[in-house]
$ cat input-v1.cif   # mmCIF, C-alpha atoms
data_start
loop_
_atom_site.label_atom_id
_atom_site.label_comp_id
_atom_site.auth_asym_id
_atom_site.auth_seq_id
_atom_site.Cartn_x
_atom_site.Cartn_y
_atom_site.Cartn_z
CA MET R 1 -30.05 4.03 8.37
CA SER R 2 -26.53 4.46 6.97
CA VAL R 3 -24.91 1.93 4.70
CA ALA R 4 -21.68 1.68 2.72
CA LEU R 5 -21.47 -0.40 -0.45
CA THR R 6 -17.92 -0.99 -1.67
CA GLY R 7 -16.43 -2.56 -4.73
CA ASN R 8 -14.50 -1.83 -7.90
CA ASP R 9 -11.32 -0.93 -6.02
CA THR R 10 -8.47 0.19 -8.27
CA ILE R 11 -4.75 0.09 -7.54
CA VAL R 12 -2.37 1.96 -9.83
CA LEU R 13 1.44 1.96 -9.71
CA ASN R 14 3.41 4.28 -11.99
CA GLY R 15 0.39 4.69 -14.23
CA LEU R 16 -0.33 0.96 -14.62
CA VAL R 17 -3.60 -0.48 -13.30
CA LEU R 18 -2.82 -3.72 -11.45
CA THR R 19 -5.21 -6.61 -12.13
CA ASP R 20 -3.42 -9.90 -11.41
CA PHE R 21 -4.43 -10.28 -7.76
CA ALA R 22 -4.52 -13.44 -5.67
CA ASP R 23 -7.16 -14.33 -3.05
CA GLY R 24 -8.26 -12.76 0.23
CA ASP R 25 -6.89 -9.34 1.16
CA VAL R 26 -5.03 -8.66 -2.08
CA ALA R 27 -3.92 -5.15 -1.16
CA GLU R 28 -3.51 -3.38 2.14
CA LEU R 29 -2.25 0.14 2.81
CA LYS R 30 -1.20 0.66 6.42
CA PHE R 31 0.11 3.59 8.41
CA ASN R 32 2.51 2.36 11.08
CA ASN R 33 3.28 5.71 12.70
CA ASP R 34 1.19 8.34 14.48
CA LEU R 35 0.74 11.78 12.91
CA VAL R 36 1.08 13.49 16.29
CA GLU R 37 3.02 12.69 19.43
CA VAL R 38 1.68 13.87 22.78
CA VAL R 39 3.46 13.96 26.13
CA ASN R 40 2.35 15.42 29.41
CA GLY R 41 4.74 17.56 31.41
CA LYS R 42 4.84 19.05 34.86
CA ASN R 43 1.68 20.74 36.20
CA ASP R 44 -0.45 18.89 33.60
CA ASN R 45 1.10 20.82 30.73
CA ALA R 46 0.83 19.01 27.41
CA ILE R 47 3.23 19.03 24.49
CA PHE R 48 1.99 18.17 21.00
CA ALA R 49 4.41 17.59 18.12
CA LEU R 50 3.74 16.71 14.51
CA ASN R 51 5.42 13.49 13.46
CA SER R 52 6.34 13.48 9.76
CA LYS R 53 6.68 9.69 9.86
CA GLY R 54 2.89 9.57 10.26
CA LYS R 55 2.59 10.36 6.54
CA GLN R 56 4.50 7.22 5.55
CA GLY R 57 2.49 4.31 4.19
CA GLU R 58 3.22 0.64 3.65
CA MET R 59 1.35 -1.25 0.94
CA THR R 60 1.27 -5.02 0.70
CA LEU R 61 0.23 -6.52 -2.64
CA LYS R 62 -0.61 -10.19 -3.20
CA LEU R 63 -0.13 -10.95 -6.89
CA LEU R 64 -0.44 -14.17 -8.86
CA ARG R 65 3.07 -15.62 -9.16
CA GLY R 66 4.35 -15.35 -12.74
CA SER R 67 1.59 -12.98 -13.86
CA SER R 68 2.30 -9.82 -15.87
CA ASP R 69 1.93 -7.72 -12.69
CA ASP R 70 4.39 -10.00 -10.86
CA LEU R 71 6.86 -9.65 -13.75
CA LEU R 72 6.46 -5.87 -13.66
CA MET R 73 7.07 -5.68 -9.90
CA ASN R 74 10.05 -8.02 -10.14
CA ALA R 75 11.53 -5.83 -12.90
CA GLN R 76 11.10 -2.80 -10.61
CA LEU R 77 12.79 -4.68 -7.78
CA ASN R 78 15.71 -5.61 -10.04
CA LEU R 79 16.08 -2.04 -11.34
CA MET R 80 16.11 -0.71 -7.78
CA GLN R 81 18.80 -3.18 -6.68
CA LEU R 82 20.91 -2.68 -9.81
CA ASP R 83 21.46 1.08 -9.36
CA PHE R 84 19.68 2.40 -6.27
CA PRO R 85 20.81 6.06 -6.62
CA SER R 86 19.38 6.21 -10.17
CA TYR R 87 16.14 4.41 -9.36
CA VAL R 88 12.91 6.26 -10.18
CA LEU R 89 10.63 6.00 -7.15
CA LEU R 90 7.16 4.46 -7.40
CA ASN R 91 4.01 6.55 -7.25
CA GLY R 92 0.57 5.11 -6.95
CA SER R 93 -3.04 5.36 -5.93
CA PHE R 94 -5.54 3.20 -4.10
CA THR R 95 -9.11 4.04 -5.06
CA LYS R 96 -12.13 2.67 -3.24
CA ARG R 97 -15.65 3.44 -4.47
CA ILE R 98 -18.34 3.74 -1.84
CA GLY R 99 -22.10 3.73 -2.46
CA ASN R 100 -24.85 4.84 -0.09
CA GLY R 101 -27.50 2.31 -1.13
CA PHE R 102 -29.59 4.99 -2.85
CA GLY R 103 -27.63 5.18 -6.11
CA LEU R 104 -25.09 7.79 -5.03
CA SER R 105 -21.40 6.95 -4.88
CA MET R 106 -18.19 8.67 -3.91
CA THR R 107 -14.48 7.97 -4.19
CA ASP R 108 -12.11 7.35 -1.29
CA LEU R 109 -8.66 7.98 -2.79
CA TYR R 110 -5.19 7.48 -1.32
CA LEU R 111 -2.31 9.06 -3.27
CA ALA R 112 1.11 7.56 -2.55
CA LYS R 113 4.44 9.18 -3.45
CA GLY R 114 8.07 8.10 -3.23
CA GLY R 115 7.80 4.32 -3.03
CA VAL R 116 10.37 1.55 -2.89
CA ILE R 117 9.95 -2.21 -2.73
CA SER R 118 11.26 -3.06 0.72
CA ARG R 119 11.65 -6.84 0.49
CA ILE R 120 12.00 -9.71 -1.95
CA PRO R 121 8.82 -11.84 -2.17
CA ASP R 122 8.94 -15.03 -0.11
CA VAL R 123 8.53 -18.40 -1.79
CA VAL R 124 7.05 -21.64 -0.53
CA SER R 125 6.77 -25.15 -1.97
CA SER R 126 4.00 -27.33 -0.60
CA SER R 127 2.83 -30.88 -1.18
CA ASP R 128 -0.39 -30.10 0.73
CA GLY R 129 -1.87 -27.94 -2.03
CA LYS R 130 -1.41 -24.64 -0.17
CA THR R 131 -2.33 -21.74 -2.45
CA GLU R 132 0.40 -19.50 -0.97
CA GLN R 133 2.86 -21.16 -3.34
CA ALA R 134 1.12 -19.38 -6.25
CA ILE R 135 1.37 -15.90 -4.68
CA SER R 136 4.07 -13.23 -4.81
CA SER R 137 3.65 -10.78 -1.96
CA TYR R 138 5.31 -7.37 -2.36
CA THR R 139 5.79 -4.74 0.34
CA ILE R 140 6.13 -1.15 -0.86
CA LYS R 141 7.06 1.68 1.49
CA PHE R 142 5.89 5.14 0.48
CA ALA R 143 7.41 8.35 1.86
CA LYS R 144 4.07 10.19 1.79
CA VAL R 145 0.45 9.18 1.46
CA ILE R 146 -2.52 11.54 1.49
CA ARG R 147 -6.21 10.68 1.62
CA VAL R 148 -8.73 12.54 -0.54
CA ILE R 149 -12.40 11.87 0.16
#
$ encode --input "input-v1.cif" --output "structure tokens"
Amino acid sequence: MSVALTGNDTIVLNGLVLTDFADGDVAELKFNNDLVEVVNGKNDNAIFALNSKGKQGEMTLKLLRGSSDDLLMNAQLNLMQLDFPSYVLLNGSFTKRIGNGFGLSMTDLYLAKGGVISRIPDVVSSSDGKTEQAISSYTIKFAKVIRVI
């Protein structure tokens, strides 16, 4: 029997451990492009080509609106917009600990380099008590992400 126990995930941006998360899926790192493109040619020949865009990652963070992490991300967003050519890109890591159920654990680590905040967080006002009004959602695009396991 194989099992995977997960917990104690850690997300770090520019050396700061983020802690002010909202509910549900508070962080997601996605890869929207393939690493390799494949096409078939005449006579069943195949062409394989590396796609550098496959190394790009997109992280979505759901932070508590007005929290210290939200203030930090908003300051980064403002710095980026103020003088884009002088902006220092974001670097980060997404660490997931995995246990085997027998006391052994390992680390699943994603290292992200060259990040920018790609959109201003949306805002909503609700009289129905929707919790989304207390969340700031940030999207960060990274030029390169590698996985170390």
$ residues_around --input "input-v1.cif" --residues "Leu29 of chain R" --least-positions-apart "3" --cutoff "8 Å" --atoms "all atoms listed in the file" --output "VMD selection string"
chain R and resid 57 to 60
$ atom_distance --input "input-v1.cif" --atom1 "atom CA of Ser105 of chain R" --atom2 "atom CA of Thr6 of chain R"
9.2 Å
$ resolve_selection --input "input-v1.cif" --expression "the PyMOL selection byres ((chain R and resi 68) around 12)" --output "ChimeraX atom specification"
/R:16-21,63-67,69-75,136
$ atom_distance --input "input-v1.cif" --atom1 "atom CA of Ser137 of chain R" --atom2 "atom CA of Asn51 of chain R"
28.8 Å
$ atom_distance --input "input-v1.cif" --atom1 "atom CA of Pro121 of chain R" --atom2 "atom CA of Arg147 of chain R"
27.3 Å
$ resolve_selection --input "input-v1.cif" --expression "the PyMOL selection byres ((chain R and resi 1) around 12)" --output "ChimeraX atom specification"
/R:2-4,100-102
$ residues_around --input "input-v1.cif" --residues "Gly92 of chain R" --least-positions-apart "2" --cutoff "12 Å" --atoms "only C-alpha atoms" --output "PyMOL selection string"
chain R and resi 10-18+29+57-59+89-90+94-95+109-116+140-146
$ build_atoms --input "input-v1.cif" --residues "segment 78-98 of chain R" --atoms "N, CA and C atoms" --output "PDB file, in the coordinates of the input"
ATOM      1  N   ASN R  78      14.381  -5.432  -9.457  1.00  0.00           N
ATOM      2  CA  ASN R  78      15.710  -5.610 -10.040  1.00  0.00           C
ATOM      3  C   ASN R  78      16.354  -4.278 -10.415  1.00  0.00           C
ATOM      4  N   LEU R  79      15.565  -3.367 -10.999  1.00  0.00           N
ATOM      5  CA  LEU R  79      16.080  -2.040 -11.340  1.00  0.00           C
ATOM      6  C   LEU R  79      16.557  -1.305 -10.085  1.00  0.00           C
ATOM      7  N   MET R  80      15.777  -1.388  -9.027  1.00  0.00           N
ATOM      8  CA  MET R  80      16.110  -0.710  -7.780  1.00  0.00           C
ATOM      9  C   MET R  80      17.426  -1.243  -7.210  1.00  0.00           C
ATOM     10  N   GLN R  81      17.592  -2.565  -7.235  1.00  0.00           N
ATOM     11  CA  GLN R  81      18.800  -3.180  -6.680  1.00  0.00           C
ATOM     12  C   GLN R  81      20.029  -2.947  -7.562  1.00  0.00           C
ATOM     13  N   LEU R  82      19.806  -2.839  -8.864  1.00  0.00           N
ATOM     14  CA  LEU R  82      20.910  -2.680  -9.810  1.00  0.00           C
ATOM     15  C   LEU R  82      21.626  -1.341  -9.637  1.00  0.00           C
ATOM     16  N   ASP R  83      20.846  -0.255  -9.480  1.00  0.00           N
ATOM     17  CA  ASP R  83      21.460   1.080  -9.360  1.00  0.00           C
ATOM     18  C   ASP R  83      20.535   1.948  -8.500  1.00  0.00           C
ATOM     19  N   PHE R  84      20.609   1.743  -7.196  1.00  0.00           N
ATOM     20  CA  PHE R  84      19.680   2.400  -6.270  1.00  0.00           C
ATOM     21  C   PHE R  84      19.686   3.932  -6.397  1.00  0.00           C
ATOM     22  N   PRO R  85      20.845   4.596  -6.518  1.00  0.00           N
ATOM     23  CA  PRO R  85      20.810   6.060  -6.620  1.00  0.00           C
ATOM     24  C   PRO R  85      20.104   6.579  -7.877  1.00  0.00           C
ATOM     25  N   SER R  86      20.042   5.783  -8.927  1.00  0.00           N
ATOM     26  CA  SER R  86      19.380   6.210 -10.170  1.00  0.00           C
ATOM     27  C   SER R  86      17.935   5.734 -10.273  1.00  0.00           C
ATOM     28  N   TYR R  87      17.482   4.989  -9.296  1.00  0.00           N
ATOM     29  CA  TYR R  87      16.140   4.410  -9.360  1.00  0.00           C
ATOM     30  C   TYR R  87      15.068   5.489  -9.326  1.00  0.00           C
ATOM     31  N   VAL R  88      14.053   5.352 -10.166  1.00  0.00           N
ATOM     32  CA  VAL R  88      12.910   6.260 -10.180  1.00  0.00           C
ATOM     33  C   VAL R  88      11.867   5.695  -9.219  1.00  0.00           C
ATOM     34  N   LEU R  89      11.542   6.463  -8.185  1.00  0.00           N
ATOM     35  CA  LEU R  89      10.630   6.000  -7.150  1.00  0.00           C
ATOM     36  C   LEU R  89       9.227   5.728  -7.681  1.00  0.00           C
ATOM     37  N   LEU R  90       8.525   4.821  -7.018  1.00  0.00           N
ATOM     38  CA  LEU R  90       7.160   4.460  -7.400  1.00  0.00           C
ATOM     39  C   LEU R  90       6.165   5.477  -6.872  1.00  0.00           C
ATOM     40  N   ASN R  91       5.162   5.748  -7.665  1.00  0.00           N
ATOM     41  CA  ASN R  91       4.010   6.550  -7.250  1.00  0.00           C
ATOM     42  C   ASN R  91       2.773   5.728  -7.529  1.00  0.00           C
ATOM     43  N   GLY R  92       1.753   5.919  -6.729  1.00  0.00           N
ATOM     44  CA  GLY R  92       0.570   5.110  -6.950  1.00  0.00           C
ATOM     45  C   GLY R  92      -0.674   5.692  -6.319  1.00  0.00           C
ATOM     46  N   SER R  93      -1.763   4.977  -6.532  1.00  0.00           N
ATOM     47  CA  SER R  93      -3.040   5.360  -5.930  1.00  0.00           C
ATOM     48  C   SER R  93      -3.832   4.113  -5.594  1.00  0.00           C
ATOM     49  N   PHE R  94      -4.639   4.250  -4.558  1.00  0.00           N
ATOM     50  CA  PHE R  94      -5.540   3.200  -4.100  1.00  0.00           C
ATOM     51  C   PHE R  94      -6.909   3.844  -4.049  1.00  0.00           C
ATOM     52  N   THR R  95      -7.787   3.425  -4.952  1.00  0.00           N
ATOM     53  CA  THR R  95      -9.110   4.040  -5.060  1.00  0.00           C
ATOM     54  C   THR R  95     -10.176   3.049  -4.634  1.00  0.00           C
ATOM     55  N   LYS R  96     -11.006   3.474  -3.710  1.00  0.00           N
ATOM     56  CA  LYS R  96     -12.130   2.670  -3.240  1.00  0.00           C
ATOM     57  C   LYS R  96     -13.402   3.447  -3.528  1.00  0.00           C
ATOM     58  N   ARG R  97     -14.352   2.804  -4.218  1.00  0.00           N
ATOM     59  CA  ARG R  97     -15.650   3.440  -4.470  1.00  0.00           C
ATOM     60  C   ARG R  97     -16.618   3.009  -3.390  1.00  0.00           C
ATOM     61  N   ILE R  98     -17.405   3.977  -2.925  1.00  0.00           N
ATOM     62  CA  ILE R  98     -18.340   3.740  -1.840  1.00  0.00           C
ATOM     63  C   ILE R  98     -19.723   4.219  -2.263  1.00  0.00           C
TER      64      ILE R  98
END
